[in-house]
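Everything below concerns the one structure shown next.
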Amino acid sequence: MTRIAVLGSSHVAALKTAWDEMKGDFPRIDVSFLAIGGKKYRKTFLRKDMRFGLPDDMLQDETIMASSRILLDLSQFDHVWNAGVWQVPQSAMNEILLSFNIDGFETTTFKQNMSHTAFESIVQDLVHRVVPGPQWHHWTTPKLWYSSIPRRNAALTSRKRFQTMDLQGHARGWTLVDSRLREAMANVGITHIAQPPDTMTHTGFTQSQYGSDRKLIQTQAQDMAHMNTAFGQRMWQQFLETSALGPLSEDIAKRVQ
């Protein structure tokens, strides 16, 4: 039996619902999920005995969902997948990519300009802040993976403010960001699970067919950040293919025959 732990924020939901539909094809894979809302997730930590979760006082807080008030002993797993937490903030990066003409990105529709050197410096600083502490570095068992949250829903680009924008720089910028983060994480032994390219538009947004039907509570506007079960299935496929050299290979072969 291969054991996988999936850790993360609300973006784990798409992975959970996808796995619920897929797991019948993988009887020798057992997956445990720990999803904690973004602000609370930042309180989590890895204990010296490899148990991961919220601080003890929060584990006793009954106002927090019971499914979030558990500790996972990560030493008992073959793979640990951190989904949607170790990432460059999308809102901050998009504010740059959708406000500046950056040298080399061939965008000319914005009023402000930024040198490529300045952009690289910003990216490197943000990446440096993302890389987790030494307790997460160079694991052998379990194998450690990460994926960023999905790119924003392409439906967002139908809004008025996007109509006069040249969005090519958005795709180029995120390609560079992903590359720099992937390199930094690889340097500490953490492997990237990339968003499948065929789930994205040529301007670097997630195709709207993968968007969640969820509405934002306060505004009732469409949620442009979260994705659906079909997207979760594509991410699982990406994980299974990327990890094919490990103990999952026989299960992958069975599924793709």
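Ordering of the structure tokens sets the chain letters (A, B, ...); residue numbers start at 1 within each chain; ligands are numbered from 1 in the order shown.
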
Original post:
Any idea what's packed within 12 Å of A:Thr63, counting only C-alpha atoms, ignoring anything in its chain fewer than 6 positions away? Could you give it as a PyMOL selection string?
Top reply: chain A and resi 40+57+69

**OP:** Pick out the residues sitting within 12 Å of A:Ala92, and hand them over as a ChimeraX atom specification; count only C-alpha atoms, and ignore anything fewer than 3 positions along from it in its own chain.
**Re:** /A:87-89,95-99,122-123,126,174

**OP:** Find the residues near A:Met227: any atom within 12 Å, counting only C-alpha atoms, skip ones fewer than 6 places away on the same chain, and give them as an NGL selection string.
**Re:** :A and (10-18 or 84 or 149-154 or 195 or 199 or 205-215 or 233-235)

Keeping only C-alpha atoms, write those residues as a CSV table (one decimal), in the first residue's frame.
```csv
chain,number,residue,atom,x,y,z
A,10,SER,CA,-9.3,25.4,0.7
A,11,HIS,CA,-7.7,24.5,-2.7
A,12,VAL,CA,-7.4,20.9,-1.4
A,13,ALA,CA,-11.2,20.5,-1.9
A,14,ALA,CA,-10.8,20.0,-5.7
A,15,LEU,CA,-8.2,17.3,-5.1
A,16,LYS,CA,-10.4,15.6,-2.5
A,17,THR,CA,-13.5,15.4,-4.6
A,18,ALA,CA,-11.4,14.3,-7.6
A,84,GLY,CA,-1.6,25.6,-2.6
A,149,ILE,CA,-2.8,27.4,-6.3
A,150,PRO,CA,-4.4,27.4,-9.7
A,151,ARG,CA,-4.0,30.4,-12.0
A,152,ARG,CA,-7.0,32.6,-11.8
A,153,ASN,CA,-10.1,31.7,-13.8
A,154,ALA,CA,-10.0,33.0,-17.4
A,195,GLN,CA,-0.4,22.9,-13.3
A,199,THR,CA,-5.6,23.6,-18.4
A,205,PHE,CA,-5.2,32.0,-16.9
A,206,THR,CA,-7.0,28.7,-16.1
A,207,GLN,CA,-9.5,27.7,-18.7
A,208,SER,CA,-13.0,28.6,-17.4
A,209,GLN,CA,-14.3,25.1,-17.8
A,210,TYR,CA,-12.2,24.2,-14.7
A,211,GLY,CA,-13.7,27.0,-12.6
A,212,SER,CA,-15.7,26.4,-9.5
A,213,ASP,CA,-19.4,27.3,-9.5
A,214,ARG,CA,-18.9,28.6,-5.9
A,215,LYS,CA,-20.1,32.2,-5.1
A,233,GLN,CA,-8.5,15.1,-11.6
A,234,ARG,CA,-6.0,16.8,-14.0
A,235,MET,CA,-3.8,17.6,-11.0
```

Original post:
Taking the backbone alone, and naming residues the way the document does, which bits of stretch 4-247 of chain A are strand (DSSP E or B) by DSSP, as an MDAnalysis selection string?
Top reply: chainID A and resid 4:8 29:35 45:46 51:53 72:73 79:83 100:102 112:114 143:147 153 191:192 200 206 211 215 222 227

Could you dump the residues just selected with N, CA and C atoms as a compact mmCIF listing (two decimals), in the first residue's frame?
```txt
# COMPACT_ATOMS: atom_id res chain seq x y z
N ILE A 4 -0.29 8.44 0.82
CA ILE A 4 -0.07 9.83 0.40
C ILE A 4 -0.82 10.75 1.35
N ALA A 5 -0.14 11.79 1.82
CA ALA A 5 -0.79 12.85 2.61
C ALA A 5 -0.87 14.10 1.75
N VAL A 6 -2.06 14.68 1.66
CA VAL A 6 -2.26 15.93 0.92
C VAL A 6 -2.61 17.01 1.93
N LEU A 7 -1.74 18.01 2.02
CA LEU A 7 -1.89 19.09 2.99
C LEU A 7 -2.18 20.39 2.25
N GLY A 8 -2.96 21.28 2.85
CA GLY A 8 -3.13 22.57 2.21
C GLY A 8 -4.34 23.33 2.71
N ILE A 29 -3.50 2.55 -3.27
CA ILE A 29 -3.09 3.88 -2.84
C ILE A 29 -4.07 4.38 -1.79
N ASP A 30 -3.56 4.78 -0.66
CA ASP A 30 -4.38 5.32 0.43
C ASP A 30 -4.00 6.79 0.62
N VAL A 31 -4.99 7.68 0.53
CA VAL A 31 -4.74 9.13 0.61
C VAL A 31 -5.43 9.71 1.84
N SER A 32 -4.69 10.49 2.61
CA SER A 32 -5.24 11.24 3.74
C SER A 32 -5.15 12.72 3.42
N PHE A 33 -6.20 13.47 3.73
CA PHE A 33 -6.27 14.89 3.43
C PHE A 33 -6.33 15.70 4.73
N LEU A 34 -5.62 16.82 4.73
CA LEU A 34 -5.73 17.79 5.82
C LEU A 34 -5.85 19.17 5.20
N ALA A 35 -7.07 19.70 5.17
CA ALA A 35 -7.34 21.02 4.58
C ALA A 35 -7.74 21.98 5.69
N PHE A 45 2.29 23.84 11.99
CA PHE A 45 3.74 23.64 12.01
C PHE A 45 4.05 22.15 12.11
N LEU A 46 5.29 21.82 11.77
CA LEU A 46 5.76 20.44 11.80
C LEU A 46 6.49 20.21 13.11
N ARG A 51 4.82 15.01 13.39
CA ARG A 51 3.38 15.24 13.36
C ARG A 51 3.13 16.67 12.90
N PHE A 52 2.14 16.81 12.01
CA PHE A 52 1.86 18.11 11.40
C PHE A 52 0.42 18.52 11.68
N GLY A 53 0.24 19.80 12.03
CA GLY A 53 -1.11 20.32 12.21
C GLY A 53 -1.10 21.63 12.97
N LEU A 72 -1.41 14.85 11.58
CA LEU A 72 -0.96 13.78 10.71
C LEU A 72 0.50 13.47 11.01
N ASP A 73 0.80 12.21 11.26
CA ASP A 73 2.19 11.78 11.44
C ASP A 73 2.78 11.54 10.06
N HIS A 79 4.53 9.63 0.47
CA HIS A 79 4.56 10.90 -0.25
C HIS A 79 3.76 11.93 0.55
N VAL A 80 4.26 13.16 0.58
CA VAL A 80 3.53 14.28 1.17
C VAL A 80 3.42 15.36 0.11
N TRP A 81 2.19 15.77 -0.17
CA TRP A 81 1.92 16.77 -1.21
C TRP A 81 1.35 18.00 -0.53
N ASN A 82 2.10 19.10 -0.56
CA ASN A 82 1.65 20.37 -0.02
C ASN A 82 1.01 21.16 -1.17
N ALA A 83 -0.29 21.35 -1.08
CA ALA A 83 -1.04 21.92 -2.21
C ALA A 83 -1.52 23.33 -1.90
N PHE A 100 2.21 47.00 -15.32
CA PHE A 100 3.48 47.47 -15.86
C PHE A 100 3.82 46.81 -17.19
N ASN A 101 4.42 47.61 -18.08
CA ASN A 101 5.09 47.07 -19.25
C ASN A 101 6.48 46.64 -18.79
N ILE A 102 6.75 45.35 -18.80
CA ILE A 102 8.03 44.84 -18.32
C ILE A 102 8.93 44.55 -19.50
N GLN A 112 2.76 52.42 -16.94
CA GLN A 112 4.02 52.35 -16.20
C GLN A 112 4.94 51.30 -16.80
N ASN A 113 6.23 51.54 -16.66
CA ASN A 113 7.23 50.62 -17.20
C ASN A 113 8.09 50.06 -16.06
N MET A 114 8.63 48.86 -16.27
CA MET A 114 9.52 48.25 -15.28
C MET A 114 10.63 47.51 -16.02
N LYS A 143 8.71 11.25 0.35
CA LYS A 143 9.05 12.18 -0.72
C LYS A 143 8.14 13.40 -0.61
N LEU A 144 8.72 14.59 -0.74
CA LEU A 144 7.96 15.83 -0.54
C LEU A 144 7.71 16.55 -1.87
N TRP A 145 6.46 16.93 -2.08
CA TRP A 145 6.02 17.60 -3.31
C TRP A 145 5.27 18.88 -2.95
N TYR A 146 5.16 19.78 -3.93
CA TYR A 146 4.32 20.97 -3.73
C TYR A 146 3.66 21.36 -5.05
N SER A 147 2.51 21.99 -4.95
CA SER A 147 1.87 22.63 -6.10
C SER A 147 1.33 23.97 -5.64
N ASN A 153 -9.14 32.06 -12.82
CA ASN A 153 -10.10 31.66 -13.84
C ASN A 153 -10.08 32.65 -15.00
N THR A 191 9.89 18.76 -4.77
CA THR A 191 9.60 18.65 -6.20
C THR A 191 8.26 19.28 -6.55
N HIS A 192 8.24 19.96 -7.68
CA HIS A 192 7.07 20.71 -8.14
C HIS A 192 6.09 19.82 -8.89
N MET A 200 -4.60 25.73 -19.16
CA MET A 200 -4.45 27.18 -19.17
C MET A 200 -4.66 27.76 -20.56
N THR A 206 -6.40 30.06 -16.00
CA THR A 206 -6.98 28.72 -16.06
C THR A 206 -8.24 28.75 -16.91
N GLY A 211 -13.32 26.09 -13.72
CA GLY A 211 -13.66 26.97 -12.61
C GLY A 211 -14.76 26.42 -11.72
N LYS A 215 -19.90 30.70 -5.22
CA LYS A 215 -20.06 32.15 -5.15
C LYS A 215 -19.39 32.68 -3.88
N GLN A 222 -18.81 35.39 -8.76
CA GLN A 222 -18.21 34.09 -9.01
C GLN A 222 -16.82 34.02 -8.40
N MET A 227 -11.07 25.92 -8.11
CA MET A 227 -11.37 25.11 -9.28
C MET A 227 -12.25 23.92 -8.91
```

Original post:
When you draw a straight line from atom CA of A:His138 to atom CA of A:Asp78, how long is it in Å?
Top reply: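 If I compute the distance from atom CA of A:His138 to atom CA of A:Asp78, I get 14.3 Å.
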
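From atom CA of A:Thr109 back to atom CA of A:Thr201, the distance works out to 19.7 Å.
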